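> My questions will all concern the structure given below.
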Amino acid sequence: MFVAIDGLDGSGKSTVAQALAADLESDGMRIHVREHPGDGRWGRLARRSLLGHGRAAKTSSAVFLFLDILSTGWRVRRGDHVIAVRYTLSAYYLDGRTSSIVHGILRAVLPDPDTTIVLDVDPSNALVRIGTRGEEQEMFENLESMQSVRSRMLTADEAITVVDANGTPDEVYARVRDVLGL
């Protein structure tokens, strides 16, 4: 089983992934939740870059994030059951045509998920959720960027299932369970 959960920052990806993993593990499956950026070397470097500004910070955050995501592809190829928080749709955080090119490369190199779920949240709602975390704001966590990323994700050239993520965590997770037939 390989499920990718994507969406804007503040859409509930990590919350849904952890709840899904707990449910599946209670049924006896061994699940690996892979959050991107993760806690490994590349993920830490990506997170650090995301707090920067300018073209160099954007480029380095993308490179480090994609190196981090490659480890998920390796786990899937060896047969692990994986829930990925962010996957190929992360490319749509990049600007313009570059995002489509990088997305195509990632799709060619990485294994396809069994299901890709995009948690669709209104960007202004996502920003409110982000604000409650008490963390430093990342470079893409602004209304203009989030509106653009959301548009690109929802028109991606891959099979996605869009789930309304504007409700409570329990409501959103119930919708994801329905999509997955759980």
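Residue numbers start at 1 in each chain; chains themselves are named A, B, ... in the order of the structure tokens; ligands are numbered from 1 in the order shown.
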Select from stretch 62-100 of chain A everything DSSP, run on the backbone, classes as strand (DSSP E), then give the selection as a PDB file with C-alpha atoms, in the first residue's frame.

```pdb
ATOM      1  CA  HIS A  81       3.627   0.098   3.159  1.00  0.00           C
ATOM      2  CA  VAL A  82       4.077   3.869   2.985  1.00  0.00           C
ATOM      3  CA  ILE A  83       2.029   6.975   3.627  1.00  0.00           C
ATOM      4  CA  ALA A  84       3.878   9.967   2.171  1.00  0.00           C
ATOM      5  CA  VAL A  85       3.129  13.441   3.455  1.00  0.00           C
TER       6      VAL A  85
END
```
> Mind the document's chain letters and residue numbers, and return as a ChimeraX atom specification the residues of chain A that DSSP labels helix (DSSP H, G or I).
/A:13-26,41-50,55-77,88-93,96-109,123-131,143-154,169-180
> Just give me the gap between atom CA of A:Thr168 and atom CA of A:Asp23 in Å, one decimal is fine.
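These two atoms are separated by 18.2 Å.
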> Please provide the set of residues having any atom within 8 Å of stretch 95-111 of chain A, restricted to only C-alpha atoms, with same-chain residues fewer than 3 positions apart removed, written as a PDB file with N, CA and C atoms, in the first residue's frame.

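Writing done, so here's around.pdb:
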```pdb
ATOM      1  N   LEU A  70      13.221  11.165  -2.418  1.00  0.00           N
ATOM      2  CA  LEU A  70      13.779   9.962  -3.052  1.00  0.00           C
ATOM      3  C   LEU A  70      13.829   8.784  -2.087  1.00  0.00           C
ATOM      4  N   GLY A  73      10.659   6.817  -2.245  1.00  0.00           N
ATOM      5  CA  GLY A  73      10.622   5.935  -3.406  1.00  0.00           C
ATOM      6  C   GLY A  73      11.368   4.640  -3.149  1.00  0.00           C
ATOM      7  N   VAL A  76       9.224   2.350  -0.947  1.00  0.00           N
ATOM      8  CA  VAL A  76       8.124   1.768  -1.713  1.00  0.00           C
ATOM      9  C   VAL A  76       8.642   0.637  -2.597  1.00  0.00           C
ATOM     10  N   ARG A  77       9.752   0.870  -3.260  1.00  0.00           N
ATOM     11  CA  ARG A  77      10.314  -0.147  -4.159  1.00  0.00           C
ATOM     12  C   ARG A  77      10.713  -1.412  -3.420  1.00  0.00           C
ATOM     13  N   THR A  88       5.146  13.956  -5.177  1.00  0.00           N
ATOM     14  CA  THR A  88       5.504  14.617  -6.429  1.00  0.00           C
ATOM     15  C   THR A  88       4.814  15.968  -6.619  1.00  0.00           C
ATOM     16  N   LEU A  89       3.647  16.149  -6.037  1.00  0.00           N
ATOM     17  CA  LEU A  89       2.946  17.423  -6.189  1.00  0.00           C
ATOM     18  C   LEU A  89       3.670  18.575  -5.490  1.00  0.00           C
ATOM     19  N   SER A  90       4.654  18.264  -4.681  1.00  0.00           N
ATOM     20  CA  SER A  90       5.476  19.308  -4.056  1.00  0.00           C
ATOM     21  C   SER A  90       6.143  20.187  -5.097  1.00  0.00           C
ATOM     22  N   ALA A  91       6.354  19.646  -6.284  1.00  0.00           N
ATOM     23  CA  ALA A  91       6.981  20.420  -7.362  1.00  0.00           C
ATOM     24  C   ALA A  91       6.190  21.676  -7.682  1.00  0.00           C
ATOM     25  N   TYR A  92       4.904  21.676  -7.409  1.00  0.00           N
ATOM     26  CA  TYR A  92       4.077  22.827  -7.754  1.00  0.00           C
ATOM     27  C   TYR A  92       4.290  24.031  -6.842  1.00  0.00           C
TER      28      TYR A  92
END
```
> Show which residues sit within 12 Å of A:Leu51, as number ranges by chain. Count only C-alpha atoms, and ignore same-chain residues fewer than 2 positions away.
A: 44-49, 53-54, 56-58, 60-61, 135-141
> Generate the output file for the selected residues, C-alpha atoms, as a PDB file, in the first residue's frame.

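Output file part.pdb follows:
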```
ATOM      1  CA  ARG A  44      16.513  19.321   7.784  1.00  0.00           C
ATOM      2  CA  LEU A  45      18.346  21.223   5.055  1.00  0.00           C
ATOM      3  CA  ALA A  46      15.069  21.727   3.149  1.00  0.00           C
ATOM      4  CA  ARG A  47      13.321  23.100   6.246  1.00  0.00           C
ATOM      5  CA  ARG A  48      16.205  25.484   6.910  1.00  0.00           C
ATOM      6  CA  SER A  49      16.061  26.715   3.304  1.00  0.00           C
ATOM      7  CA  HIS A  53      14.100  34.249   0.994  1.00  0.00           C
ATOM      8  CA  GLY A  54      15.060  34.736  -2.620  1.00  0.00           C
ATOM      9  CA  ALA A  56      18.828  30.692  -3.872  1.00  0.00           C
ATOM     10  CA  ALA A  57      16.680  29.699  -0.883  1.00  0.00           C
ATOM     11  CA  LYS A  58      13.876  28.542  -3.197  1.00  0.00           C
ATOM     12  CA  SER A  60      18.014  24.880  -2.383  1.00  0.00           C
ATOM     13  CA  SER A  61      14.742  24.073  -0.601  1.00  0.00           C
ATOM     14  CA  GLU A 135       6.400  28.574  14.212  1.00  0.00           C
ATOM     15  CA  GLU A 136       8.407  30.832  11.944  1.00  0.00           C
ATOM     16  CA  GLN A 137       6.594  31.373   8.639  1.00  0.00           C
ATOM     17  CA  GLU A 138       8.098  29.655   5.597  1.00  0.00           C
ATOM     18  CA  MET A 139       8.661  31.400   2.260  1.00  0.00           C
ATOM     19  CA  PHE A 140       5.599  29.865   0.576  1.00  0.00           C
ATOM     20  CA  GLU A 141       3.215  30.530   3.458  1.00  0.00           C
TER      21      GLU A 141
END
```
> Rounded to one decimal, what separation in Å do you get between atom CA of A:Ala62 and atom CA of A:Ser11?
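For atom CA of A:Ala62 relative to atom CA of A:Ser11, the distance reads 19.9 Å.
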> Any idea what's packed within 10 Å of A:Ala21, counting only C-alpha atoms, ignoring anything in its chain fewer than 2 positions away? Could you give it as a CSV table (one decimal) with N, CA, C and O atoms, in the first residue's frame?

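See out.csv below for the written result:
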```csv
chain,number,residue,atom,x,y,z
A,16,VAL,N,-3.8,13.8,9.2
A,16,VAL,CA,-4.5,12.7,8.5
A,16,VAL,C,-3.6,11.5,8.3
A,16,VAL,O,-4.0,10.4,8.6
A,17,ALA,N,-2.3,11.7,8.0
A,17,ALA,CA,-1.4,10.6,7.8
A,17,ALA,C,-1.2,9.8,9.1
A,17,ALA,O,-1.2,8.6,9.1
A,18,GLN,N,-1.1,10.5,10.2
A,18,GLN,CA,-0.9,9.9,11.5
A,18,GLN,C,-2.1,9.1,11.9
A,18,GLN,O,-2.0,8.0,12.4
A,19,ALA,N,-3.3,9.7,11.7
A,19,ALA,CA,-4.6,8.9,12.0
A,19,ALA,C,-4.7,7.7,11.1
A,19,ALA,O,-5.1,6.6,11.6
A,23,ASP,N,-4.8,3.7,12.4
A,23,ASP,CA,-5.9,2.8,12.0
A,23,ASP,C,-5.4,1.6,11.3
A,23,ASP,O,-5.8,0.4,11.6
A,24,LEU,N,-4.5,1.7,10.3
A,24,LEU,CA,-4.0,0.6,9.6
A,24,LEU,C,-3.1,-0.3,10.5
A,24,LEU,O,-3.2,-1.5,10.3
A,25,GLU,N,-2.4,0.3,11.3
A,25,GLU,CA,-1.5,-0.5,12.2
A,25,GLU,C,-2.4,-1.3,13.2
A,25,GLU,O,-2.0,-2.4,13.6
A,26,SER,N,-3.5,-0.7,13.6
A,26,SER,CA,-4.4,-1.4,14.6
A,26,SER,C,-5.0,-2.6,13.9
A,26,SER,O,-5.4,-3.6,14.5
A,27,ASP,N,-5.0,-2.6,12.5
A,27,ASP,CA,-5.4,-3.8,11.7
A,27,ASP,C,-4.3,-4.7,11.4
A,27,ASP,O,-4.5,-5.7,10.6
A,29,MET,N,-1.2,-3.9,10.0
A,29,MET,CA,-0.2,-3.5,9.0
A,29,MET,C,0.9,-2.8,9.6
A,29,MET,O,0.7,-2.0,10.5
A,30,ARG,N,2.1,-2.9,9.0
A,30,ARG,CA,3.2,-2.1,9.4
A,30,ARG,C,3.3,-1.0,8.4
A,30,ARG,O,3.5,-1.2,7.2
A,31,ILE,N,3.2,0.3,8.9
A,31,ILE,CA,3.1,1.5,8.1
A,31,ILE,C,4.3,2.4,8.3
A,31,ILE,O,4.6,2.6,9.5
A,32,HIS,N,4.9,2.9,7.3
A,32,HIS,CA,5.9,3.9,7.4
A,32,HIS,C,5.3,5.2,7.0
A,32,HIS,O,4.9,5.3,5.8
A,33,VAL,N,5.2,6.2,7.9
A,33,VAL,CA,4.8,7.5,7.5
A,33,VAL,C,6.1,8.3,7.2
A,33,VAL,O,7.0,8.4,8.0
A,81,HIS,N,4.9,-0.6,3.2
A,81,HIS,CA,3.6,0.1,3.2
A,81,HIS,C,3.9,1.5,3.6
A,81,HIS,O,4.4,1.7,4.7
A,82,VAL,N,3.6,2.5,2.7
A,82,VAL,CA,4.1,3.9,3.0
A,82,VAL,C,2.9,4.8,2.8
A,82,VAL,O,2.1,4.7,1.9
A,83,ILE,N,2.9,5.8,3.8
A,83,ILE,CA,2.0,7.0,3.6
A,83,ILE,C,3.0,8.1,3.5
A,83,ILE,O,3.8,8.4,4.4
```
> Of the candidates A:Leu94, A:Leu119, A:Glu144, A:Gly43, which shows the shortest atom-to-atom distance to A:Arg55, using only C-alpha atoms?
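Closest candidate: A:Leu94.
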> Which residue is closest to A:Thr116? Choose from A:Arg41, A:His36, A:Arg133, A:Arg86 and count only C-alpha atoms.
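Closest candidate: A:Arg86.
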> Take atom CA of A:Asp120 and atom CA of A:Ser145 and report the distance between them in Å, one decimal.
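So the answer is 14.8 Å.
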> So which residues touch A:Asp164 within 12 Å, counting only C-alpha atoms, skipping near sequence neighbours fewer than 6 positions away, as a VMD selection string?
chain A and resid 7 11 to 13 117 to 122 154 171 to 176 179
> Restricting the output to C-alpha atoms, write the selected residues as a PDB file, in the first residue's frame.

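Below is the file that was written, part-v5.pdb:
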```
ATOM      1  CA  GLY A   7      -2.011  19.788  -0.175  1.00  0.00           C
ATOM      2  CA  SER A  11      -4.325  21.490   5.070  1.00  0.00           C
ATOM      3  CA  GLY A  12      -4.005  18.705   7.664  1.00  0.00           C
ATOM      4  CA  LYS A  13      -1.686  16.319   5.813  1.00  0.00           C
ATOM      5  CA  ILE A 117      -5.079  12.471  -1.999  1.00  0.00           C
ATOM      6  CA  VAL A 118      -4.995  16.251  -2.202  1.00  0.00           C
ATOM      7  CA  LEU A 119      -6.400  17.854   0.916  1.00  0.00           C
ATOM      8  CA  ASP A 120      -7.989  20.963  -0.537  1.00  0.00           C
ATOM      9  CA  VAL A 121      -8.228  23.853   1.876  1.00  0.00           C
ATOM     10  CA  ASP A 122      -8.984  27.491   1.231  1.00  0.00           C
ATOM     11  CA  LEU A 154      -5.729  20.817  -8.490  1.00  0.00           C
ATOM     12  CA  GLU A 171     -14.381  15.617   9.567  1.00  0.00           C
ATOM     13  CA  VAL A 172     -11.445  15.697   7.160  1.00  0.00           C
ATOM     14  CA  TYR A 173     -10.190  12.290   8.293  1.00  0.00           C
ATOM     15  CA  ALA A 174     -13.693  10.808   7.900  1.00  0.00           C
ATOM     16  CA  ARG A 175     -13.703  12.027   4.282  1.00  0.00           C
ATOM     17  CA  VAL A 176     -10.284  10.436   3.661  1.00  0.00           C
ATOM     18  CA  VAL A 179     -12.200   7.781  -0.174  1.00  0.00           C
TER      19      VAL A 179
END
```
